[in-house]
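What follows is a short report on a single structure.
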2 protein chains.
Amino acid sequence: MPCKPTPTKSRASGVLAPVELPKPKWSGGKSLVESLRRRQTTREISDRKLPLQVLSNLLWAACGVNRRNGPFGVPGITAASASNSQEIELFVAMQHAVYRFDARNHRLLPVIAGDLRSMAIGRGQKSMVTQAPAQLIYVVDLHRLTHTAGFEEPGLHDPEVQKSYYYVDTGLIAGNVYLFAASVGLAAWFHNCDRIALSRKLKLRVAQRVLFGQTVGYPSK
Amino acid sequence: MPCKPTPTKSRASGVLAPVELPKPKWSGGKSLVESLRRRQTTREISDRKLPLQVLSNLLWAACGVNRRNGPFGVPGITAASASNSQEIELFVAMQHAVYRFDARNHRLLPVIAGDLRSMAIGRGQKSMVTQAPAQLIYVVDLHRLTHTAGFEEPGLHDPEVQKSYYYVDTGLIAGNVYLFAASVGLAAWFHNCDRIALSRKLKLRVAQRVLFGQTVGYPSK
């Protein structure tokens with residue numbers, strides 16, 4: 001099934017609907033050690049669409065809920081974060097629209113219609129992968145980072161400390177994406193993005209900042 | 001076998017010797033999906049030593065060489081890095097000494113004798129895990145970051161851009177460590193460290209900066 005919302009009345013009228021993702025489920029995935037052996041950056045990525053089940057698996061692997069009773073009374077996710085703040089939000093730019101991954105409910109919430117994939121790659125890094133089926137966009141929510149139920153991390157209101165946390169936490173998610181891709185034969189590439197253009201388009205709150213992009217799809221070679 | 005250098009003449013005379021790590025090899029490791037399901041932060045860690053084979057597996061999973069022909073003519077490692085610069089160095093603080101992981105030769109190079117494990121945890125974060133067997137210390141080498149064989153990344157000489165790269169790259173390694181721990185039943189906790197004290201002790205070059213710590217060992221509960 002192509003990776004786009006189930007047609008609904010609201011979509012027919014031009015308004016995007018949320019996409020309920022199927023439960024994560026995959027067979028044929030590799031062991032961790034084999035996934036680590038195959039982990040690599042692949043920039044040659046085709047325009048072949050990701051089935052919705054694969055997108056579901058990918059997003060769960062990235063930062064989906066893996067236990068209901070996580071630290072500090074908050075559900076835990078597959079990637080660690082400072083005081084379990086889960087301050088990194090994953091947006092997904094596809095051909096027809098951009099969605100935000102709602103990990104708690106394992107669904108995609110519509111952000112904006114249209115093809116913003118070329119903005120998810122940095123200037124000077126663009127190539128044919130702008131036609132790749134999914135561009136993950138990493139966005140930090142500084143409010144979440146400074147309002148956790150967990151430990152008061154040292155220096156948390158210092159922007160330099162904040163940076164060190166949210167960039168590390170981005171890497172923790174991106175690493176899961178790389179390993180997921182290696183495990184199931186997909187290609188992945190972590191890269192810069194057009195932060196200014198995306199910040200204007202993604203209807204962000206004041207506390208949100210666009211950080212990086214990561215392309216995922218089928219290898220073209 | 002306990003995780004310490006093979007006794008040698010040089011050690012007997014008080015000088016630490018390099019530790020050749022056994023080839024990475026493990027059985028009973030989980031699938032990637034099962035490792036993601038079990039991924040969590042565990043702060044309760046016992047003082048039980050890691051066998052040398054487990055330490056070898058851990059370091060390979062973190063950022064070991066997984067292909068001789070990686071991007072830009074450089075061997076590839078299990079964690080991505082900006083232009084394959086591999087600018088993050090992993091130091092390992094154990095009870096008797098601190099070593100630096102030499103990924104290319106899969107060995108530990110001695111840095112300093114003595115127990116620096118308590119410095120690898122941030123002030124205010126200390127607890128009984130200072131007795132945990134291995135404290136990984138993340139150190140960036142800015143020279144490597146700015147002298148790669150790969151793409152000239154945009155703004156690479158801007159300290160803000162550098163930060164964004166080396167913190168993400170730290171997270172990419174730390175995520176591998178978390179998943180390795182989940183895969184084999186170890187506990188892992190990524191945390192702050194005493195950057196000032198470690199910077200004085202680790203005999204760093206001018207271009208190196210201490211970033212974070214990560215404790216690994218057997219769960220104590």
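Letters A, B, ... mark the chains of the structure tokens in the order given; residue numbers begin at 1 per chain; ligand numbers begin at 1, in order shown.
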Segment 96-106 of chain B environment, 9 Å, only C-alpha atoms, sequence neighbours closer than 2 positions dropped, as a ChimeraX atom specification
/B:4,16,18-24,56,59-60,63-65,75,77,89-94,108-117,202
Residues of chain A within 9 Å of chain B, counting only C-alpha atoms - could you list those as a PyMOL selection string?
chain A and resi 26+29-41+61+65-67+70-71+76-80+82+122-124+154+163-176+178-180+183+190-192+211
Need to verify the contact set: segment 132-149 of chain A, 6 Å, only C-alpha atoms, exclusion of same-chain residues closer than 2 positions in sequence. Can you return it as an MDAnalysis selection string?
chainID A and resid 45:47 49 72 85 87:94 129:130 207:217
Output N, CA and C atoms of each residue in that selection to a file, as a compact mmCIF listing (two decimals), in the first residue's frame.
```
# COMPACT_ATOMS: atom_id res chain seq x y z
N ILE A 45 19.21 6.78 -3.74
CA ILE A 45 17.92 6.30 -3.25
C ILE A 45 16.87 6.52 -4.33
N SER A 46 16.08 5.52 -4.60
CA SER A 46 15.11 5.60 -5.69
C SER A 46 13.84 6.31 -5.24
N ASP A 47 12.95 6.55 -6.21
CA ASP A 47 11.68 7.22 -5.88
C ASP A 47 10.58 6.22 -5.52
N LYS A 49 7.98 4.14 -3.67
CA LYS A 49 7.27 4.48 -2.43
C LYS A 49 7.47 3.41 -1.35
N PHE A 72 10.08 8.21 34.94
CA PHE A 72 9.36 9.40 35.42
C PHE A 72 7.88 9.37 35.04
N SER A 85 12.73 13.48 28.15
CA SER A 85 11.92 14.62 27.70
C SER A 85 11.29 14.37 26.33
N GLU A 87 12.19 15.30 23.49
CA GLU A 87 12.05 16.65 22.93
C GLU A 87 12.24 16.71 21.42
N ILE A 88 12.68 15.61 20.82
CA ILE A 88 12.85 15.61 19.36
C ILE A 88 11.57 15.11 18.70
N GLU A 89 11.05 15.91 17.80
CA GLU A 89 9.86 15.52 17.05
C GLU A 89 10.28 15.17 15.62
N LEU A 90 9.66 14.14 15.12
CA LEU A 90 10.00 13.68 13.78
C LEU A 90 8.87 14.08 12.82
N PHE A 91 9.23 14.90 11.85
CA PHE A 91 8.30 15.23 10.77
C PHE A 91 8.68 14.35 9.57
N VAL A 92 7.72 14.03 8.76
CA VAL A 92 7.97 13.17 7.60
C VAL A 92 7.45 13.88 6.35
N ALA A 93 8.38 14.26 5.48
CA ALA A 93 7.98 14.90 4.21
C ALA A 93 7.86 13.82 3.15
N MET A 94 6.68 13.73 2.58
CA MET A 94 6.44 12.78 1.49
C MET A 94 5.97 13.56 0.27
N VAL A 129 17.90 12.41 -4.85
CA VAL A 129 17.18 11.87 -3.70
C VAL A 129 16.06 12.80 -3.23
N THR A 130 15.92 13.97 -3.82
CA THR A 130 14.75 14.77 -3.46
C THR A 130 13.47 14.06 -3.89
N ALA A 207 8.86 27.64 20.37
CA ALA A 207 9.93 26.87 21.02
C ALA A 207 10.54 25.80 20.13
N GLN A 208 10.07 25.67 18.91
CA GLN A 208 10.59 24.60 18.04
C GLN A 208 11.67 25.10 17.08
N ARG A 209 12.65 24.23 16.82
CA ARG A 209 13.74 24.55 15.89
C ARG A 209 13.97 23.35 14.96
N VAL A 210 14.12 23.65 13.68
CA VAL A 210 14.45 22.59 12.72
C VAL A 210 15.96 22.30 12.82
N LEU A 211 16.32 21.02 12.82
CA LEU A 211 17.72 20.66 13.03
C LEU A 211 18.36 19.99 11.80
N PHE A 212 17.88 18.83 11.44
CA PHE A 212 18.52 18.05 10.37
C PHE A 212 17.48 17.26 9.60
N GLY A 213 17.92 16.65 8.52
CA GLY A 213 17.06 15.77 7.74
C GLY A 213 17.70 14.40 7.59
N GLN A 214 16.89 13.42 7.24
CA GLN A 214 17.40 12.08 6.98
C GLN A 214 16.49 11.44 5.92
N THR A 215 17.09 11.03 4.84
CA THR A 215 16.35 10.44 3.74
C THR A 215 16.33 8.93 3.88
N VAL A 216 15.17 8.35 3.64
CA VAL A 216 15.03 6.89 3.71
C VAL A 216 14.25 6.40 2.48
N GLY A 217 14.70 5.33 1.90
CA GLY A 217 13.99 4.75 0.76
C GLY A 217 14.69 3.49 0.30
```
